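Notes follow the structure.
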Amino acid sequence: MTKSLSDIQTELLGTFFEEASEGLQQLEAGLLALEQAKSADPDTINDVFRAAHSIKGGAGSFGLNEVCALGHAMESMLEDFRSQRVAPNRESLAALLEGVDWLRNALDARLAGAALPIAEIEGFCQQLERLRGASGVSAEATPVVAAPRGGAFVVEFLPMPRILESGNEPVRLVRELVRMGHATVTTDISRLPVLADIDPTLCYLGWHIELEGPEVSATAIEEIFSWVDTDADLQITAQTPVEPPSPSTEVQQVAPAAAAVAINPAHEPKPPTAAPLASDSRAEGAIGSIRVGVDKIDLLMNMVGELVITQSMLGVIDDESRLDSRRIEQLREGLGLLARNTRSLQESVMRLRSVPISIVFSRFPRLVHDLGQQLGKQVELKVLGQTTEIDKTVVEKLGDPLVHLVRNSLDHGLETPELRRAAGKSEVGVIQISAYHHGGDVVVEVRDDGRGINRERVVQRARQLGLLGPNEAPPEDPIRDFIFAPGFSTAASVTDVSGRGVGMDVVRRNIRALGGDVFVETAVGKGTCISMRLPLTLAIIDGQIIRVGQHAYVVPLLSIIESVQVEPKRVSKFQGKRELYRLRDKLIPMIELGQVLGLHSWQHSEESLMMIVEADNAPVGLLVDELLAQQQVVVKSLETNYDRVPGLSGATILGDGSVAFILDTTAIGRLVRGVPGNGAHAA
């Protein structure tokens with residue numbers, strides 16, 4: 001079905017919003033790098049200039065005038081940096097970072113179809129111009145037509161035929177040009193061939209533009225065409241300044257063999273509207289689509305080709321064929337090939353769904369910068385493992401918990417420079433965000449070198465909130481038990497940042513909804529590390545099917561260390577009740593899996609097998625009756641379809657149609673170590 005022009009415009013507009021979101025991240029990161037650097041790096045300045053220019057240019061293509069105006073104002077200041085007229089300083093960089101916020105808000109408003117604060121946007125643009133003037137940018141350095149009579153120019157713009165291959169759009173350039181003032185545009189069609197000979201990838205048109213207005217200058221015109229120096233013939237001729245004509249006296253001139261049109265910026269066509277994707281375009285920019293490398297697409301195509309070949313092989317064996325030994329062997333070979341190709345295809349598709357976690361991490365340099373200034377704290381942010389890939393569904397839901405943890409580290413964790421100095425620490429606190437693979441999971445950590453969490457203060461606050469009785473003994477790990485309780489906070493006062501006790505319970509709930517969990521390590525005076533263990537994917541895992549009693553369960557293959565036959569002489573008891581198994585000079589806690597899973601009639605025998613799995617960074621042994629097949633299983637969420645069951649991370653349907661639960665080895669391991677609230681009861 002052929003797409004309509006409106007559909008194509010909407011699709012292109014959606015692509016622009018995605019690219020603009022990436023450009024804003026690049027612009028923001030570059031400005032923060034300039035602020036932290038001791039000297040202005042020309043490459044960084046060029047990068048941020050190109051990002052601002054690209055956003056402005058794309059906005060102009062779709063008639064997003066307010067975005068274009070913001071981009072132009074920022075671009076002018078960046079041009080001062082680029083030409084070394086003015087060196088970047090804290091005030092100008094802060095203004096440009098504010099400009100990033102204005103751009104983001106304007107794009108979000110356009111995306112959501114909301115009203116735009118035009119007056120405020122114009123006020124901010126004027127603020128940037130005043131700041132440029134205060135920085136000493138003279139009229140000679142940036143020539144403009146200051147006289148109220150304005151300037152008049154004739155622009156001859158003849159693009160090269162292959163200009164479109166460089167990504168330049170001539171009509172967009174003309175539209176930007178005429179936005180500067182009153183314009184009469186004549187389109188030169190003398191190079192246009194007959195319809196049958198037109199190549200849609202080539203540009204055959206040229207333009208003759210007569211432009212005048214108080215904001216028109218040669219420098220401003222050249223700036224618009226700065227990216228097409230080698231892709232077009234351009235002539236700019238100054239005319240005698242004249243009074244700007246009133247709208248009622250608009251003139252059109254039509255040259256021979258040419259079509260003329262007068263363009264009034266106030267009456268540009270409105271861009272097609274698009275449904276809002278989300279309230280935070282930074283966090284959700286990657287939700288609607290994923291940028292995929294060509295190599296991944298090629299691999300996927302190869303896998304599809306292999307499947308077609310396999311289907312052809314099996315197609316030879318039709319219903320009328322006689323299944324002799326040769327054809328049975330051929331059938332087995334084809335089915336084996338089908339299984340391998342299906343697995344390869346599945347792995348290729350999973351790689352398509354994997355995205356780097358930098359999509360989430362990219363927001364934190366700005367967050368830490370702004371919040372550190374608000375709280376009067378000096379902060380150094382370290383980001384590690386940005387290339388770690390994880391399923392896009394997990395990435396999309398990771399942003400809010402991470403934001404809360406980083407804000408907590410800044411507000412509660414890090415001390416003020418005075419307190420750090422008194423404690424013998426550097427005045428600059430460190431927050432480190434990292435991601436890495438661990439077994440079948442991805443671990444995301446937020447670590448700070450601040451004051452740590454005081455155990456006694458947590459217990460005292462728990463008693464005040466009624467979470468712990470006046471004479472009740474605190475649990476072994478009160479920090480883990482209480483800080484995730486709704487409404488719990490040890491902050492002395494409520495601030496704009498935190499202190500209301502809202503968030504940590506939501507963090508754990510959101511992470512557990514993804515099949516993961518949250519862990520806390522802290523030391524008073526040294527800092528806190530909060531780790532989130534998340535599944536690598538939510539769709540398909542490699543699993544080992546086991547039998548416990550009459551039921552089948554699945555253990556993620558990446559969690560398994562090894563399996564051994566239990567030897568009674570290696571079993572000993574700790575404190576008369578907990579069984580430990582000595583394996584190569586290591587004592588491994590033994591778990592009677594049937595009892596943990598609620599199979600009360602189950603008893604392990606001396607012939608039981610023990611599957612040693614990694615649980616919470618330490619090995620434990622699961623006593624099982626039988627090891628069955630290894631296979632890939634499709635994960636179905638229990639929480640979505642039923643409810644969260646501690647000790648189980650999901651369910652799957654086996655080849656015979658029966659349902660098998662997928663074990664959460666970390667939760668089961670924590671049960672053995674006496675951590676409350678992580679038991680499992682499922683038959």
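Starting from 1 in every chain, residues are counted up; chains themselves are A, B, ... following the order of the structure tokens, and ligands are numbered from 1 as listed.
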
*Using only C-alpha atoms, determine which residues lie at most 8 Å from stretch 614-624 of chain A, disregarding the query and same-chain residues fewer than 6 positions distant; provide the list as a PyMOL selection string.*
chain A and resi 546-548+559-561+588-594+604+608+665-670

Grab the residues selected above and save them as a compact mmCIF listing (two decimals), in the first residue's frame with C-alpha atoms.
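Everything below was put into part.txt:
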# COMPACT_ATOMS: atom_id res chain seq x y z
CA ILE A 546 15.07 -30.49 36.50
CA ARG A 547 12.62 -32.79 38.27
CA VAL A 548 11.75 -32.34 41.92
CA SER A 559 23.41 -19.62 36.97
CA ILE A 560 24.65 -23.23 37.09
CA ILE A 561 28.23 -23.93 38.15
CA ILE A 588 28.51 -25.32 50.21
CA PRO A 589 25.08 -24.79 51.84
CA MET A 590 22.63 -27.49 50.76
CA ILE A 591 19.03 -26.58 49.97
CA GLU A 592 16.24 -29.16 50.02
CA LEU A 593 14.57 -27.64 47.01
CA GLY A 594 11.35 -29.64 47.38
CA HIS A 604 15.73 -36.22 49.29
CA SER A 608 19.86 -37.24 45.09
CA THR A 665 18.40 -18.89 42.42
CA THR A 666 19.40 -15.59 44.03
CA ALA A 667 16.19 -15.40 46.09
CA ILE A 668 16.46 -19.07 47.09
CA GLY A 669 20.10 -18.60 48.09
CA ARG A 670 19.22 -15.62 50.29

*Please run DSSP on the backbone and report, as number ranges by chain, all residues within stretch 69-255 of chain A that come out as helix (DSSP H, G or I).*
A: 69-82, 90-112, 118-134, 163-166, 170-178, 195-197, 218-224, 247-249

Please, could you write that set of residues out with C-alpha atoms as a PDB file, in the first residue's frame?
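The result, written out as selection04.pdb:
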ATOM      1  CA  ALA A  69      15.042  30.484  16.889  1.00  0.00           C
ATOM      2  CA  LEU A  70      16.501  28.824  19.977  1.00  0.00           C
ATOM      3  CA  GLY A  71      19.012  26.916  17.889  1.00  0.00           C
ATOM      4  CA  HIS A  72      20.040  30.062  16.044  1.00  0.00           C
ATOM      5  CA  ALA A  73      20.599  32.019  19.276  1.00  0.00           C
ATOM      6  CA  MET A  74      22.726  29.229  20.754  1.00  0.00           C
ATOM      7  CA  GLU A  75      24.564  28.720  17.480  1.00  0.00           C
ATOM      8  CA  SER A  76      25.579  32.403  17.452  1.00  0.00           C
ATOM      9  CA  MET A  77      27.190  32.114  20.880  1.00  0.00           C
ATOM     10  CA  LEU A  78      28.901  28.863  19.888  1.00  0.00           C
ATOM     11  CA  GLU A  79      30.204  30.572  16.760  1.00  0.00           C
ATOM     12  CA  ASP A  80      31.843  33.164  19.039  1.00  0.00           C
ATOM     13  CA  PHE A  81      33.634  30.274  20.783  1.00  0.00           C
ATOM     14  CA  ARG A  82      34.519  28.598  17.507  1.00  0.00           C
ATOM     15  CA  ARG A  90      30.891  29.451  33.479  1.00  0.00           C
ATOM     16  CA  GLU A  91      28.175  32.048  32.832  1.00  0.00           C
ATOM     17  CA  SER A  92      27.952  31.496  29.074  1.00  0.00           C
ATOM     18  CA  LEU A  93      28.048  27.688  29.416  1.00  0.00           C
ATOM     19  CA  ALA A  94      25.323  27.810  32.075  1.00  0.00           C
ATOM     20  CA  ALA A  95      23.199  29.868  29.681  1.00  0.00           C
ATOM     21  CA  LEU A  96      23.775  27.374  26.880  1.00  0.00           C
ATOM     22  CA  LEU A  97      22.830  24.483  29.167  1.00  0.00           C
ATOM     23  CA  GLU A  98      19.647  26.376  29.961  1.00  0.00           C
ATOM     24  CA  GLY A  99      19.175  26.657  26.210  1.00  0.00           C
ATOM     25  CA  VAL A 100      19.364  22.857  25.962  1.00  0.00           C
ATOM     26  CA  ASP A 101      16.494  22.693  28.445  1.00  0.00           C
ATOM     27  CA  TRP A 102      14.494  25.193  26.397  1.00  0.00           C
ATOM     28  CA  LEU A 103      15.119  23.180  23.231  1.00  0.00           C
ATOM     29  CA  ARG A 104      14.102  19.962  24.954  1.00  0.00           C
ATOM     30  CA  ASN A 105      10.935  21.523  26.367  1.00  0.00           C
ATOM     31  CA  ALA A 106      10.027  23.022  23.005  1.00  0.00           C
ATOM     32  CA  LEU A 107      10.498  19.672  21.255  1.00  0.00           C
ATOM     33  CA  ASP A 108       8.504  17.873  23.948  1.00  0.00           C
ATOM     34  CA  ALA A 109       5.690  20.407  23.606  1.00  0.00           C
ATOM     35  CA  ARG A 110       5.619  19.973  19.838  1.00  0.00           C
ATOM     36  CA  LEU A 111       5.644  16.205  20.225  1.00  0.00           C
ATOM     37  CA  ALA A 112       2.751  16.297  22.693  1.00  0.00           C
ATOM     38  CA  ILE A 118       6.609  31.801  22.850  1.00  0.00           C
ATOM     39  CA  ALA A 119       7.193  34.965  24.891  1.00  0.00           C
ATOM     40  CA  GLU A 120       9.523  33.170  27.297  1.00  0.00           C
ATOM     41  CA  ILE A 121      11.436  31.597  24.412  1.00  0.00           C
ATOM     42  CA  GLU A 122      11.902  35.002  22.788  1.00  0.00           C
ATOM     43  CA  GLY A 123      13.010  36.397  26.152  1.00  0.00           C
ATOM     44  CA  PHE A 124      15.632  33.696  26.532  1.00  0.00           C
ATOM     45  CA  CYS A 125      16.967  34.319  23.011  1.00  0.00           C
ATOM     46  CA  GLN A 126      17.292  38.010  23.855  1.00  0.00           C
ATOM     47  CA  GLN A 127      19.062  37.047  27.084  1.00  0.00           C
ATOM     48  CA  LEU A 128      21.658  35.128  25.081  1.00  0.00           C
ATOM     49  CA  GLU A 129      22.202  38.129  22.822  1.00  0.00           C
ATOM     50  CA  ARG A 130      22.666  40.415  25.840  1.00  0.00           C
ATOM     51  CA  LEU A 131      25.153  37.945  27.274  1.00  0.00           C
ATOM     52  CA  ARG A 132      27.075  37.967  24.006  1.00  0.00           C
ATOM     53  CA  GLY A 133      27.187  41.759  24.150  1.00  0.00           C
ATOM     54  CA  ALA A 134      28.416  41.688  27.743  1.00  0.00           C
ATOM     55  CA  ILE A 163      23.688  17.794  -3.249  1.00  0.00           C
ATOM     56  CA  LEU A 164      21.051  15.472  -1.775  1.00  0.00           C
ATOM     57  CA  GLU A 165      23.668  12.744  -1.304  1.00  0.00           C
ATOM     58  CA  SER A 166      25.438  14.892   1.293  1.00  0.00           C
ATOM     59  CA  PRO A 170      17.989  22.900  -0.691  1.00  0.00           C
ATOM     60  CA  VAL A 171      14.364  23.792   0.073  1.00  0.00           C
ATOM     61  CA  ARG A 172      15.155  23.808   3.809  1.00  0.00           C
ATOM     62  CA  LEU A 173      18.052  26.199   3.200  1.00  0.00           C
ATOM     63  CA  VAL A 174      15.832  28.521   1.200  1.00  0.00           C
ATOM     64  CA  ARG A 175      13.183  28.380   3.930  1.00  0.00           C
ATOM     65  CA  GLU A 176      15.748  29.339   6.577  1.00  0.00           C
ATOM     66  CA  LEU A 177      16.942  32.186   4.392  1.00  0.00           C
ATOM     67  CA  VAL A 178      13.547  33.753   3.804  1.00  0.00           C
ATOM     68  CA  LEU A 195       9.586  13.924 -16.879  1.00  0.00           C
ATOM     69  CA  ALA A 196      10.796  10.601 -18.291  1.00  0.00           C
ATOM     70  CA  ASP A 197      14.448  11.569 -17.728  1.00  0.00           C
ATOM     71  CA  ALA A 218      26.055  38.870   4.591  1.00  0.00           C
ATOM     72  CA  THR A 219      27.390  36.960   7.599  1.00  0.00           C
ATOM     73  CA  ALA A 220      23.937  35.645   8.491  1.00  0.00           C
ATOM     74  CA  ILE A 221      23.342  34.504   4.905  1.00  0.00           C
ATOM     75  CA  GLU A 222      26.736  32.807   4.681  1.00  0.00           C
ATOM     76  CA  GLU A 223      26.083  31.032   7.967  1.00  0.00           C
ATOM     77  CA  ILE A 224      22.990  29.347   6.538  1.00  0.00           C
ATOM     78  CA  PRO A 247       3.191  43.389   3.696  1.00  0.00           C
ATOM     79  CA  SER A 248       0.658  45.137   1.497  1.00  0.00           C
ATOM     80  CA  THR A 249       3.308  46.076  -1.085  1.00  0.00           C
TER      81      THR A 249
END

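With distances restricted to only C-alpha atoms, A:Glu472 is the closest residue to A:Gln460 from A:Glu472, A:Glu579, A:Asp370, A:Asp47.
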
*Near A:Ser344, within 12 Å and counting only C-alpha atoms, which residues show up once chain neighbours fewer than 3 positions away are dropped, as a PyMOL selection string?*
chain A and resi 299-307+337-341+347-351+632

*asked:* Please list as a PyMOL selection string every residue within 7 Å of A:Val566, counting only C-alpha atoms and excluding residues in the same chain fewer than 3 positions away.
replied: chain A and resi 606-610

I need the chosen residues saved as a PDB file, in the first residue's frame, with C-alpha atoms.
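Result file is out02.pdb:
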ATOM      1  CA  GLU A 606      21.077 -40.556  49.311  1.00  0.00           C
ATOM      2  CA  GLU A 607      20.998 -40.831  45.538  1.00  0.00           C
ATOM      3  CA  SER A 608      19.857 -37.238  45.092  1.00  0.00           C
ATOM      4  CA  LEU A 609      21.732 -34.991  42.728  1.00  0.00           C
ATOM      5  CA  MET A 610      23.011 -31.614  43.822  1.00  0.00           C
TER       6      MET A 610
END

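Closest to A:Met313 among A:Val507, A:Leu331, A:Ala115, A:Val458 is A:Leu331, based on only C-alpha atoms.
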
*If you count only C-alpha atoms, which residues fall within 8 Å of stretch 18-30 of chain A, apart from same-chain ones fewer than 5 positions away, as number ranges by chain?*
A: 44-45, 47-49, 51-52, 54-55, 97, 100, 104, 281-282, 285-286, 362-363, 365-366
